[in-house]
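Visitor: My file is target-v9.txt. It has compact mmCIF, C-alpha atoms:
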# COMPACT_ATOMS: atom_id res chain seq x y z
CA MET B 282 60.66 34.60 -8.39
CA MET B 283 60.89 33.05 -4.93
CA MET B 284 59.23 36.15 -3.45
CA PHE B 285 56.60 36.63 -6.15
CA VAL B 286 54.50 33.53 -5.41
CA PRO B 287 54.32 33.98 -1.58
CA MET B 288 53.42 37.68 -2.00
CA TYR B 289 50.76 36.79 -4.57
CA LEU B 290 49.23 34.17 -2.29
CA ALA B 291 49.38 36.42 0.80
CA TYR B 292 47.49 39.14 -1.04
CA GLU B 293 45.00 37.06 -3.01
CA MET B 294 44.16 34.25 -0.57
CA PRO B 295 41.99 36.38 1.78
CA LEU B 296 39.95 37.45 -1.25
CA PHE B 297 39.68 33.82 -2.41
CA VAL B 298 38.37 32.79 1.00
CA LEU B 299 35.91 35.70 1.28
CA ILE B 300 34.40 35.06 -2.14
CA THR B 301 34.29 31.26 -1.77
CA LEU B 302 32.62 31.34 1.64
CA GLY B 303 30.33 34.11 0.40
CA VAL B 304 29.14 32.01 -2.55
CA ILE B 305 28.44 29.09 -0.20
CA LYS B 306 26.54 31.45 2.12
CA TRP B 307 24.57 32.85 -0.83
CA ARG B 308 23.50 29.38 -2.00
CA ARG B 309 22.09 28.56 1.43
CA ALA B 310 20.35 31.93 1.76
CA ASN B 311 18.91 31.70 -1.77
CA ALA B 312 17.49 28.24 -1.10
CA LYS B 313 15.66 29.57 1.97
CA LEU B 314 14.46 32.64 0.06
CA LEU B 315 12.87 30.53 -2.68
CA LYS B 316 10.76 28.67 -0.10
CA LYS B 317 9.40 31.89 1.40
CA PRO B 318 6.69 33.65 -0.68
CA SER B 319 6.88 37.43 -1.01
CA HIS B 320 3.97 39.84 -0.57
CA TYR B 321 6.05 42.97 -1.15
CA PHE B 322 5.14 44.56 -4.50
CA PRO B 323 5.83 48.32 -4.45
CA LYS B 324 5.52 50.48 -7.55
CA VAL B 325 8.76 50.41 -9.55
CA SER B 326 10.10 53.12 -11.86
CA CYS B 327 12.60 51.98 -14.49
CA ILE B 328 14.69 54.87 -15.82
CA ILE B 329 16.15 54.12 -19.26
CA THR B 330 19.06 56.37 -20.20
CA CYS B 331 18.77 56.87 -23.97
CA TYR B 332 21.17 58.68 -26.24
CA ALA B 333 21.95 57.17 -29.66
CA GLU B 334 20.83 53.54 -29.25
CA GLY B 335 18.15 53.68 -31.98
CA ASP B 336 16.14 50.47 -32.41
CA ALA B 337 17.82 48.88 -29.37
CA VAL B 338 15.56 50.99 -27.14
CA LYS B 339 12.57 48.94 -28.25
CA THR B 340 14.18 45.70 -27.06
CA THR B 341 14.91 47.25 -23.67
CA ILE B 342 11.37 48.60 -23.23
CA GLU B 343 9.81 45.29 -24.31
CA SER B 344 11.93 43.32 -21.83
CA LEU B 345 10.73 45.61 -19.02
CA VAL B 346 7.08 45.48 -20.11
CA GLU B 347 7.17 41.66 -20.16
CA GLN B 348 8.38 41.34 -16.56
CA THR B 349 6.48 38.78 -14.49
CA TYR B 350 6.51 41.18 -11.51
CA PRO B 351 2.88 41.48 -10.30
CA GLY B 352 3.22 45.07 -9.10
CA GLU B 353 2.93 48.31 -11.06
CA VAL B 354 5.85 49.25 -13.29
CA GLU B 355 6.56 52.71 -14.69
CA ILE B 356 8.99 52.78 -17.62
CA ILE B 357 10.58 56.20 -18.23
CA ALA B 358 12.66 56.50 -21.40
CA VAL B 359 14.75 59.68 -20.95
CA VAL B 360 16.16 60.71 -24.34
CA ASP B 361 19.25 62.90 -23.91
CA GLY B 362 19.78 65.31 -26.78
CA ALA B 363 16.45 64.48 -28.41
CA VAL B 364 17.05 67.07 -31.15
CA GLN B 365 20.15 65.24 -32.41
CA ASN B 366 18.82 61.75 -31.66
CA LYS B 367 15.56 61.89 -33.55
CA HIS B 368 15.60 58.17 -34.38
CA THR B 369 16.00 57.08 -30.75
CA TYR B 370 13.28 59.55 -29.72
CA ALA B 371 10.95 58.25 -32.46
CA VAL B 372 11.50 54.60 -31.43
CA ALA B 373 10.74 55.42 -27.77
CA ASN B 374 7.56 57.29 -28.78
CA PHE B 375 6.49 54.41 -30.99
CA CYS B 376 6.83 52.02 -28.04
CA MET B 377 4.81 54.35 -25.80
CA LYS B 378 1.96 54.48 -28.31
CA THR B 379 1.86 50.83 -29.38
CA ILE B 380 2.92 48.68 -26.41
CA LYS B 381 0.06 48.27 -23.96
CA ARG B 382 0.09 45.99 -20.90
CA THR B 383 -1.82 45.92 -17.62
CA LYS B 384 0.08 47.69 -14.81
CA ARG B 385 2.75 48.85 -17.26
CA HIS B 386 3.07 52.57 -18.02
CA ILE B 387 5.54 53.82 -20.63
CA ARG B 388 6.58 57.47 -20.60
CA VAL B 389 9.03 59.29 -22.86
CA LEU B 390 10.91 62.23 -21.38
CA PRO B 391 12.87 64.20 -24.03
CA LYS B 392 15.83 66.35 -22.99
CA TRP B 393 16.19 68.52 -26.04
CA GLN B 394 19.74 69.65 -25.35
CA ARG B 395 22.27 67.04 -24.41
CA GLY B 396 23.29 67.21 -20.76
CA GLY B 397 25.01 63.87 -20.28
CA ARG B 398 24.32 60.68 -18.41
CA VAL B 399 24.04 62.16 -14.91
CA SER B 400 21.50 64.81 -15.91
CA THR B 401 19.53 62.11 -17.76
CA LEU B 402 19.37 59.93 -14.65
CA ASN B 403 18.41 62.83 -12.40
CA ALA B 404 15.68 63.95 -14.81
CA GLY B 405 14.25 60.43 -14.64
CA LEU B 406 14.57 60.37 -10.86
CA ASP B 407 12.69 63.66 -10.58
CA ALA B 408 9.86 62.31 -12.75
CA ALA B 409 9.71 58.85 -11.12
CA LYS B 410 6.62 57.98 -9.08
CA GLY B 411 7.69 54.53 -7.87
CA ASP B 412 9.08 53.62 -4.46
CA ILE B 413 11.92 51.70 -6.10
CA VAL B 414 13.98 53.18 -8.94
CA VAL B 415 15.87 50.92 -11.36
CA ASN B 416 18.38 52.58 -13.69
CA VAL B 417 19.10 50.76 -16.94
CA ASP B 418 20.96 51.47 -20.18
CA ALA B 419 18.98 51.65 -23.40
CA ASP B 420 21.06 48.85 -24.96
CA THR B 421 20.36 46.39 -22.12
CA SER B 422 17.62 43.73 -22.01
CA PHE B 423 16.48 41.59 -19.08
CA ASP B 424 15.26 38.17 -18.06
CA ASN B 425 11.53 38.40 -17.39
CA ASP B 426 11.91 37.62 -13.66
CA MET B 427 14.46 40.39 -13.08
CA LEU B 428 12.16 42.74 -11.17
CA CYS B 429 10.75 39.94 -9.00
CA ARG B 430 14.26 39.03 -7.89
CA ILE B 431 15.69 42.51 -7.40
CA VAL B 432 12.67 44.14 -5.71
CA ARG B 433 12.37 41.34 -3.18
CA LEU B 434 15.67 42.34 -1.61
CA PHE B 435 14.14 45.70 -0.66
CA GLU B 436 11.80 43.98 1.80
CA ASP B 437 14.62 44.59 4.26
CA PRO B 438 14.25 48.28 5.29
CA ASN B 439 18.02 48.49 5.80
CA VAL B 440 18.67 48.04 2.06
CA PRO B 441 19.05 51.40 0.24
CA ALA B 442 20.36 49.93 -3.01
CA VAL B 443 20.86 46.63 -4.85
CA GLY B 444 23.35 45.74 -7.56
CA GLY B 445 22.02 43.97 -10.65
CA ALA B 446 23.82 41.19 -12.53
CA LEU B 447 25.04 41.70 -16.09
CA ARG B 448 25.93 39.22 -18.80
CA VAL B 449 27.57 39.79 -22.18
CA ARG B 450 24.87 39.38 -24.83
CA ASN B 451 27.13 39.32 -27.92
CA VAL B 452 29.48 36.63 -26.57
CA THR B 453 30.35 35.07 -29.92
CA SER B 454 31.03 38.32 -31.79
CA SER B 455 34.82 38.24 -31.31
CA ILE B 456 37.65 37.04 -29.11
CA TRP B 457 37.29 40.30 -27.16
CA THR B 458 33.64 39.68 -26.30
CA ARG B 459 34.48 36.14 -25.20
CA MET B 460 37.16 37.46 -22.84
CA GLN B 461 34.73 40.04 -21.46
CA ALA B 462 32.08 37.34 -21.00
CA ILE B 463 34.52 35.43 -18.80
CA GLU B 464 35.44 38.66 -17.01
CA TYR B 465 31.79 39.53 -16.29
CA LEU B 466 31.04 35.98 -15.20
CA VAL B 467 33.93 35.83 -12.76
CA SER B 468 34.00 39.40 -11.42
CA MET B 469 30.25 40.00 -11.25
CA GLN B 470 28.53 36.66 -10.82
CA GLY B 471 31.34 35.27 -8.73
CA GLY B 472 33.07 38.19 -7.05
CA LYS B 473 30.06 40.39 -6.32
CA THR B 474 27.91 37.46 -5.20
CA GLY B 475 30.53 36.39 -2.68
CA LEU B 476 31.52 39.85 -1.44
CA ALA B 477 27.92 41.05 -1.07
CA GLN B 478 27.36 38.40 1.60
CA TRP B 479 29.84 40.31 3.78
CA ASN B 480 28.42 43.70 2.72
CA LEU B 481 31.58 44.43 0.73
CA ILE B 482 30.16 44.91 -2.76
CA ASN B 483 32.50 47.30 -4.57
CA ASN B 484 30.20 48.88 -7.15
CA ILE B 485 26.58 49.06 -8.29
CA SER B 486 26.72 48.85 -12.07
CA GLY B 487 25.70 52.00 -13.93
CA ALA B 488 24.02 49.87 -16.58
CA PHE B 489 21.78 48.10 -14.04
CA GLY B 490 21.16 49.04 -10.43
CA ALA B 491 18.17 49.55 -8.14
CA PHE B 492 17.61 52.13 -5.39
CA ARG B 493 15.10 53.13 -2.78
CA LYS B 494 13.89 56.43 -4.26
CA ASP B 495 13.58 58.37 -1.00
CA PHE B 496 17.10 57.43 0.05
CA LEU B 497 18.52 58.27 -3.37
CA LYS B 498 16.92 61.72 -3.30
CA GLN B 499 18.09 62.27 0.26
CA ILE B 500 21.75 61.88 -0.73
CA GLY B 501 21.36 64.10 -3.78
CA GLY B 502 20.85 61.61 -6.59
CA TRP B 503 23.60 61.13 -9.15
CA ASP B 504 26.49 63.60 -9.20
CA THR B 505 28.27 65.48 -12.00
CA HIS B 506 31.60 64.36 -13.50
CA THR B 507 32.06 60.73 -14.52
CA ALA B 508 31.86 57.14 -13.20
CA GLU B 509 28.47 57.98 -11.70
CA ASP B 510 27.97 54.36 -10.63
CA LEU B 511 31.12 54.03 -8.50
CA ASP B 512 30.68 57.61 -7.26
CA LEU B 513 27.17 56.83 -5.99
CA THR B 514 28.27 53.54 -4.39
CA ILE B 515 31.06 55.34 -2.51
CA ARG B 516 28.63 57.99 -1.27
CA ILE B 517 26.20 55.35 -0.01
CA LYS B 518 29.00 53.56 1.83
CA GLN B 519 29.85 56.79 3.68
CA TYR B 520 26.71 56.16 5.76
CA PHE B 521 27.86 52.71 6.91
CA LYS B 522 29.55 53.80 10.15
CA ARG B 523 26.66 56.05 11.24
CA HIS B 524 24.05 53.46 10.23
CA PRO B 525 25.71 50.07 10.80
CA ASN B 526 22.64 48.09 9.70
CA LEU B 527 22.74 49.46 6.15
CA LYS B 528 23.72 46.94 3.49
CA ILE B 529 24.00 46.71 -0.29
CA PRO B 530 23.00 43.25 -1.57
CA TYR B 531 23.71 41.85 -5.02
CA ALA B 532 20.83 40.33 -6.98
CA THR B 533 22.77 37.42 -8.47
CA LEU B 534 19.86 35.97 -10.44
CA ALA B 535 18.35 39.28 -11.60
CA ILE B 536 19.97 39.17 -15.03
CA GLY B 537 20.55 41.95 -17.53
CA HIS B 538 22.14 41.36 -20.93
CA THR B 539 24.35 44.00 -22.57
CA ASP B 540 26.52 44.26 -25.67
CA ALA B 541 30.23 44.48 -24.87
CA PRO B 542 32.78 46.17 -27.17
CA ASP B 543 33.57 43.71 -29.95
CA ASP B 544 36.81 45.26 -31.23
CA PHE B 545 39.99 46.30 -29.48
CA LYS B 546 39.71 50.03 -30.23
CA THR B 547 36.25 50.35 -28.65
CA LEU B 548 37.31 48.22 -25.67
CA LEU B 549 40.44 50.36 -25.26
CA TRP B 550 38.47 53.60 -25.07
CA GLN B 551 35.99 52.05 -22.64
CA ARG B 552 38.72 50.88 -20.27
CA LEU B 553 40.65 54.16 -20.51
CA ARG B 554 37.52 55.85 -19.19
CA TRP B 555 36.72 53.22 -16.56
CA ASP B 556 40.23 52.92 -15.15
CA GLY B 557 40.98 56.63 -15.26
CA ASP B 558 37.83 57.26 -13.27
CA LEU B 559 39.18 55.07 -10.46
CA LEU B 560 42.07 57.44 -9.78
CA PHE B 561 39.79 60.48 -10.03
CA LEU B 562 37.32 59.11 -7.49
CA TYR B 563 39.78 57.51 -5.08
CA PHE B 564 42.47 60.21 -5.03
CA ARG B 565 40.70 63.41 -6.04
CA LYS B 566 36.99 63.53 -5.37
CA HIS B 567 36.47 61.19 -2.42
CA TRP B 568 39.84 60.85 -0.72
CA PRO B 569 38.76 62.75 2.45
CA ALA B 570 35.85 60.34 2.85
CA PHE B 571 38.00 57.22 3.01
CA SER B 572 38.04 56.98 6.76
CA PRO B 573 36.87 54.36 9.28
CA LYS B 574 34.80 57.19 10.83
CA LEU B 575 32.56 57.14 7.74
CA LEU B 576 33.00 53.72 6.17
CA GLY B 577 33.51 51.62 9.28
CA TRP B 578 36.64 49.53 9.74
CA LYS B 579 35.50 46.56 7.66
CA SER B 580 34.60 48.58 4.58
CA PHE B 581 37.61 50.86 5.03
CA LEU B 582 40.17 48.04 5.15
CA PHE B 583 38.59 46.20 2.24
CA THR B 584 38.53 49.38 0.12
CA LEU B 585 42.15 50.10 1.03
CA LEU B 586 43.37 46.61 0.10
CA TYR B 587 41.13 45.75 -2.84
CA GLY B 588 40.16 49.23 -4.03
CA PHE B 589 43.21 51.47 -3.72
CA LEU B 590 45.94 48.83 -3.86
CA GLN B 591 44.40 46.35 -6.30
CA ASN B 592 42.88 48.76 -8.81
CA VAL B 593 45.25 51.72 -8.63
CA MET B 594 48.62 50.60 -7.27
CA LEU B 595 48.92 46.94 -8.27
CA PRO B 596 48.83 47.50 -12.07
CA PHE B 597 51.90 49.76 -11.75
CA VAL B 598 53.69 47.31 -9.44
CA VAL B 599 53.17 44.41 -11.87
CA LEU B 600 54.18 46.43 -14.94
CA VAL B 601 57.30 47.95 -13.34
CA TYR B 602 58.28 44.55 -11.95
CA LEU B 603 58.09 42.98 -15.41
CA ILE B 604 60.02 45.81 -17.09
CA VAL B 605 62.82 45.77 -14.51
CA THR B 606 63.01 41.99 -14.74
CA MET B 607 63.34 42.13 -18.53
CA ILE B 608 66.19 44.67 -18.24
CA ILE B 609 68.18 42.94 -15.50
CA TYR B 610 67.78 39.19 -16.02
CA PRO B 611 68.64 36.86 -18.94
CA TRP B 612 65.92 35.68 -21.31
CA GLN B 613 65.85 32.19 -19.80
CA PHE B 614 64.84 33.62 -16.42
CA ILE B 615 62.28 35.92 -18.05
CA VAL B 616 60.66 32.98 -19.85
CA SER B 617 60.52 30.96 -16.62
CA LEU B 618 59.03 33.89 -14.71
CA SER B 619 56.47 34.50 -17.45
CA LEU B 620 55.38 30.86 -17.25
CA VAL B 621 55.00 31.11 -13.48
CA ILE B 622 52.91 34.28 -13.76
CA PHE B 623 50.82 32.79 -16.56
CA THR B 624 50.21 29.64 -14.50
CA LEU B 625 49.15 31.64 -11.44
CA TYR B 626 46.76 33.77 -13.48
CA PHE B 627 45.37 30.71 -15.25
CA PHE B 628 44.69 28.75 -12.07
CA THR B 629 43.16 31.85 -10.47
CA ILE B 630 40.70 32.39 -13.32
CA ALA B 631 40.05 28.65 -13.65
CA TYR B 632 39.24 28.42 -9.93
CA PHE B 633 36.77 31.29 -9.95
CA TYR B 634 35.25 30.17 -13.24
CA THR B 635 34.63 26.70 -11.77
CA LEU B 636 33.24 28.24 -8.57
CA VAL B 637 30.74 30.31 -10.57
CA LEU B 638 29.85 27.46 -12.93
CA LEU B 639 29.08 25.04 -10.08
CA GLY B 640 27.84 27.43 -7.40
CA VAL B 641 26.19 30.42 -9.05
CA SER B 642 25.46 30.14 -12.76
CA GLU B 643 21.82 29.98 -13.85
CA ARG B 644 23.00 29.07 -17.39
CA PRO B 645 25.71 26.44 -16.79
CA LYS B 646 25.46 24.86 -20.26
CA GLN B 647 25.95 28.24 -21.90
CA ASP B 648 28.81 29.21 -19.60
CA LEU B 649 30.55 25.86 -20.06
CA LYS B 650 31.24 26.81 -23.69
CA LEU B 651 33.61 29.52 -22.44
CA ALA B 652 35.94 26.96 -20.82
CA VAL B 653 37.93 26.47 -24.01
CA TRP B 654 38.87 30.16 -23.99
CA LEU B 655 40.22 30.23 -20.42
CA PRO B 656 43.91 29.69 -21.44
CA LEU B 657 43.81 33.02 -23.30
CA TYR B 658 42.42 34.95 -20.35
CA PRO B 659 45.77 35.54 -18.54
CA ILE B 660 47.06 37.30 -21.68
CA TYR B 661 43.88 39.38 -21.87
CA SER B 662 44.24 40.22 -18.18
CA MET B 663 47.81 41.44 -18.66
CA ILE B 664 46.71 43.61 -21.61
CA MET B 665 43.98 45.13 -19.44
CA ARG B 666 46.48 45.85 -16.64
CA THR B 667 48.75 47.65 -19.10
CA ILE B 668 45.81 49.73 -20.35
CA CYS B 669 44.90 50.45 -16.74
CA CYS B 670 48.39 51.87 -16.08
CA PHE B 671 48.12 54.18 -19.08
CA ALA B 672 44.60 55.26 -18.08
CA LEU B 673 45.71 56.10 -14.54
CA LEU B 674 48.67 58.12 -15.82
CA ASN B 675 46.40 59.86 -18.31
CA GLU B 676 44.06 60.92 -15.50
CA LEU B 677 46.98 61.97 -13.30
CA VAL B 678 48.58 64.15 -15.98
CA ARG B 679 45.71 65.26 -18.20
CA ARG B 680 42.65 65.02 -15.88
CA SER B 681 40.98 62.76 -18.45
CA HIS B 682 37.71 62.59 -16.46
CA GLU B 683 37.04 66.11 -17.76
CA GLU B 684 37.01 64.71 -21.31
CA SER B 685 34.48 61.95 -20.66
CA SER B 686 32.05 60.93 -23.40
CA MET B 687 29.40 60.54 -20.67
CA ALA B 688 28.68 64.29 -20.80
CA PRO B 689 29.41 67.23 -23.13
CA TRP B 690 32.38 69.45 -22.28
CA TRP B 691 30.26 72.42 -21.19
CA VAL B 692 28.60 70.28 -18.50
CA LEU B 693 31.88 68.87 -17.21
CA LYS B 694 33.44 72.35 -17.24
CA LYS B 695 30.76 73.62 -14.86
CA GLY B 696 31.35 70.79 -12.40
CA GLN B 697 33.34 71.30 -9.24
CA LYS B 698 37.11 70.92 -9.61
CA PHE B 699 38.89 68.31 -7.52
Please rewrite the model in this file as structure tokens.
Guide:
Amino acid sequence: MMMFVPMYLAYEMPLFVLITLGVIKWRRANAKLLKKPSHYFPKVSCIITCYAEGDAVKTTIESLVEQTYPGEVEIIAVVDGAVQNKHTYAVANFCMKTIKRTKRHIRVLPKWQRGGRVSTLNAGLDAAKGDIVVNVDADTSFDNDMLCRIVRLFEDPNVPAVGGALRVRNVTSSIWTRMQAIEYLVSMQGGKTGLAQWNLINNISGAFGAFRKDFLKQIGGWDTHTAEDLDLTIRIKQYFKRHPNLKIPYATLAIGHTDAPDDFKTLLWQRLRWDGDLLFLYFRKHWPAFSPKLLGWKSFLFTLLYGFLQNVMLPFVVLVYLIVTMIIYPWQFIVSLSLVIFTLYFFTIAYFYTLVLLGVSERPKQDLKLAVWLPLYPIYSMIMRTICCFALLNELVRRSHEESSMAPWWVLKKGQKF
């Protein structure tokens, strides 16, 4: 126990400092940005990846049509497997025929045979006519100033991509959605806001991200397999050393709202896919690219410490440590150690929650209601770490990325083996 706390602090404190100083830096930069009017209004293409969302597609399209962005917006609803998903296809067509707004153009692109998420995105990219491409999920809706906030960051020619912010829409559905709401608030609104100020953003969300179209096409668009969001982010970062001025900002106040899994079974399957993909990308597909010669030293060291170690190695270390402790030591020691670990986790989440609430949140009254659920978060976090261990082992032994629900088996089978 005497070693656990110092090791925890030695590993986590640099991250605490980076995020905290980054949030402070973001507040100052955002205040200056608000005072400076923008005259940059390129045409934007919003690619909606549709599969079996049904009526939810209408909400997504309406939220994009109602954007206050003064420029031209092209909305491309790409329906994957349109033969099987007749309802989703019909809803998208209904929106195209009935929703009319100035400078808003709705198009429906049916893919009759299902090809998966990556082929859906690339089909939309090929059809897009805008200078900026925004990829969104068909079950995601947006604040009406989203495009104004996210497009403005592309005024800097050194920005090839921007991460969008996501909130849990169905917060009150269950205890699981409340935990995920806290998780999104802390890891996205807090963590990504802070880290993006140092150009260390770890991932552009697959449910909501924006890209400069020419750059995206130059690097080959989205790639086969799974975890297309992290895969694309890693490939963009491989240009950092050769082009040191490149940066990936995070649009903290460009808000998307998505439904999180509201039961444990659905959440379990989601995290098995997410966490298994980490091992596939870090240790199979992209391991030769993790070099200072491509990433630059700053991005390389951060990825090593808070990509490899935190997301792949640390879950095993924590789980093995707890199991060995339970075997060797008496129950009194185990209880004391559990209380110490719980306290550390609780103060960590409470610190970042407070940081986001006071320094970042655009809905502080809404987010304040989550405070009562914070004591349960350390338990949720430990459950997620256990699931992560299983997911990593599953990928290691069974190559679970080849069984992803993001694409049919015949598409994944044709992909390159790693």
Visitor: From the set B:Ala477, B:Ile357, B:Leu639, B:Leu534, which residue has the shortest atom-to-atom contact distance to Arg388 in chain B, counting only C-alpha atoms?
Guide: B:Ile357
Visitor: CA of Glu355 in chain B and CA of His386 in chain B, how far apart in Å?
Guide: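 Distance reported for this atom pair: 4.8 Å.
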Visitor: Find the distance between CA of Lys381 in chain B and CA of Arg395 in chain B and write it in Å to one decimal.
Guide: 29.1 Å
Visitor: For Thr349 in chain B, list every protein, DNA or RNA residue within 10 Å, evaluated using all atoms listed in the file, and leave out those in the same chain fewer than 3 positions away; present the list as a ChimeraX atom specification.
Guide: /B:345-346,352,424-429
Visitor: Around range 644-651 of chain B, with edges along x, y and z and 3 Å added on all six sides, what centre and edge lengths do you get, in Å to one decimal, as lines of an AutoDock Vina configuration file?
Guide:
center_x = 28.3
center_y = 27.2
center_z = -20.2
size_x = 16.6
size_y = 10.7
size_z = 12.9
Visitor: With distances taken over all atoms listed in the file, which of B:Leu466, B:Leu575, B:Leu559, B:Val601 is nearest to Pro645 in chain B?
Guide: B:Leu466
Visitor: Report, in Å to a single decimal, how far apart CA of Lys695 in chain B and CA of Val360 in chain B are.
Guide: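 Computed distance, CA of Val360 in chain B to CA of Lys695 in chain B, equals 21.7 Å.
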Visitor: Determine, counting all atoms listed in the file, which protein, DNA and RNA residues have an atom within 12 Å of an atom of Glu464 in chain B; residues of the same chain fewer than 4 positions away are not included. Present the result as a list in words.
Guide: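 The residues that qualify are Leu447, Arg448, Val449, Val452, Trp457, Thr458, Arg459, Met460, Ser468, Met469, Gln470, Gly471, Gly472, Ala541, Ile630, Ala631, Phe633, Tyr634, Val637, Asp648, Leu651, Trp654, Leu655, Leu657, Tyr658, Pro659, Tyr661, Ser662 and Met665 of chain B.
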Visitor: With C-alpha atoms kept, could you save the residues just selected as a CSV table (one decimal), in the frame of the given file?
Guide:
chain,number,residue,atom,x,y,z
B,447,LEU,CA,25.0,41.7,-16.1
B,448,ARG,CA,25.9,39.2,-18.8
B,449,VAL,CA,27.6,39.8,-22.2
B,452,VAL,CA,29.5,36.6,-26.6
B,457,TRP,CA,37.3,40.3,-27.2
B,458,THR,CA,33.6,39.7,-26.3
B,459,ARG,CA,34.5,36.1,-25.2
B,460,MET,CA,37.2,37.5,-22.8
B,468,SER,CA,34.0,39.4,-11.4
B,469,MET,CA,30.2,40.0,-11.2
B,470,GLN,CA,28.5,36.7,-10.8
B,471,GLY,CA,31.3,35.3,-8.7
B,472,GLY,CA,33.1,38.2,-7.0
B,541,ALA,CA,30.2,44.5,-24.9
B,630,ILE,CA,40.7,32.4,-13.3
B,631,ALA,CA,40.0,28.6,-13.6
B,633,PHE,CA,36.8,31.3,-10.0
B,634,TYR,CA,35.2,30.2,-13.2
B,637,VAL,CA,30.7,30.3,-10.6
B,648,ASP,CA,28.8,29.2,-19.6
B,651,LEU,CA,33.6,29.5,-22.4
B,654,TRP,CA,38.9,30.2,-24.0
B,655,LEU,CA,40.2,30.2,-20.4
B,657,LEU,CA,43.8,33.0,-23.3
B,658,TYR,CA,42.4,35.0,-20.4
B,659,PRO,CA,45.8,35.5,-18.5
B,661,TYR,CA,43.9,39.4,-21.9
B,662,SER,CA,44.2,40.2,-18.2
B,665,MET,CA,44.0,45.1,-19.4
Visitor: For Phe571 in chain B, which of B:Tyr465, B:Tyr350, B:Phe589, B:Phe375 is the closest residue, counting only C-alpha atoms?
Guide: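 Comparing B:Tyr465, B:Tyr350, B:Phe589, B:Phe375 against Phe571 in chain B, the winner is B:Phe589.
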Visitor: Which residue out of B:Trp479, B:Tyr289, B:Trp393, B:Tyr587 has the minimum interatomic distance to Asp361 in chain B when only C-alpha atoms are used?
Guide: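 Checking each of B:Trp479, B:Tyr289, B:Trp393, B:Tyr587 against Asp361 in chain B, counting only C-alpha atoms, the winner is B:Trp393.
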Visitor: Select, from B:Ser454, B:Thr505, B:Thr330, B:Thr624, the residue with the minimum atom-to-atom distance to Val415 in chain B, counting all atoms listed in the file.
Guide: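 Answer, going by the shortest atom-to-atom distance: B:Thr330.
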Visitor: So, with all atoms listed in the file as the atoms that count, which of B:Thr635, B:Trp691, B:Trp555, B:Tyr332 lies closest to Glu676 in chain B?
Guide: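 Going through B:Thr635, B:Trp691, B:Trp555, B:Tyr332 one by one, the smallest distance to Glu676 in chain B is for B:Trp555.
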Visitor: Kindly complete range 493-502 of chain B to N, CA, C and O atoms; the output should be written as a CSV table (one decimal), keeping the file's coordinate frame.
Guide:
chain,number,residue,atom,x,y,z
B,493,ARG,N,16.3,52.6,-3.5
B,493,ARG,CA,15.1,53.1,-2.8
B,493,ARG,C,15.0,54.6,-3.1
B,493,ARG,O,15.9,55.4,-2.8
B,494,LYS,N,13.9,55.1,-3.7
B,494,LYS,CA,13.9,56.4,-4.3
B,494,LYS,C,14.1,57.5,-3.2
B,494,LYS,O,14.9,58.4,-3.4
B,495,ASP,N,13.5,57.3,-2.0
B,495,ASP,CA,13.6,58.4,-1.0
B,495,ASP,C,15.0,58.5,-0.5
B,495,ASP,O,15.5,59.6,-0.3
B,496,PHE,N,15.7,57.4,-0.4
B,496,PHE,CA,17.1,57.4,0.0
B,496,PHE,C,18.0,58.1,-1.0
B,496,PHE,O,18.8,58.9,-0.7
B,497,LEU,N,17.7,57.7,-2.3
B,497,LEU,CA,18.5,58.3,-3.4
B,497,LEU,C,18.4,59.8,-3.5
B,497,LEU,O,19.3,60.5,-3.7
B,498,LYS,N,17.1,60.3,-3.3
B,498,LYS,CA,16.9,61.7,-3.3
B,498,LYS,C,17.6,62.4,-2.1
B,498,LYS,O,18.1,63.5,-2.2
B,499,GLN,N,17.5,61.7,-1.0
B,499,GLN,CA,18.1,62.3,0.3
B,499,GLN,C,19.6,62.5,0.1
B,499,GLN,O,20.1,63.5,0.7
B,500,ILE,N,20.3,61.7,-0.6
B,500,ILE,CA,21.8,61.9,-0.7
B,500,ILE,C,22.1,62.7,-2.0
B,500,ILE,O,23.3,62.8,-2.3
B,501,GLY,N,21.1,63.2,-2.7
B,501,GLY,CA,21.4,64.1,-3.8
B,501,GLY,C,21.3,63.5,-5.2
B,501,GLY,O,21.7,64.1,-6.1
B,502,GLY,N,20.9,62.2,-5.3
B,502,GLY,CA,20.8,61.6,-6.6
B,502,GLY,C,22.2,61.4,-7.2
B,502,GLY,O,23.2,61.2,-6.4
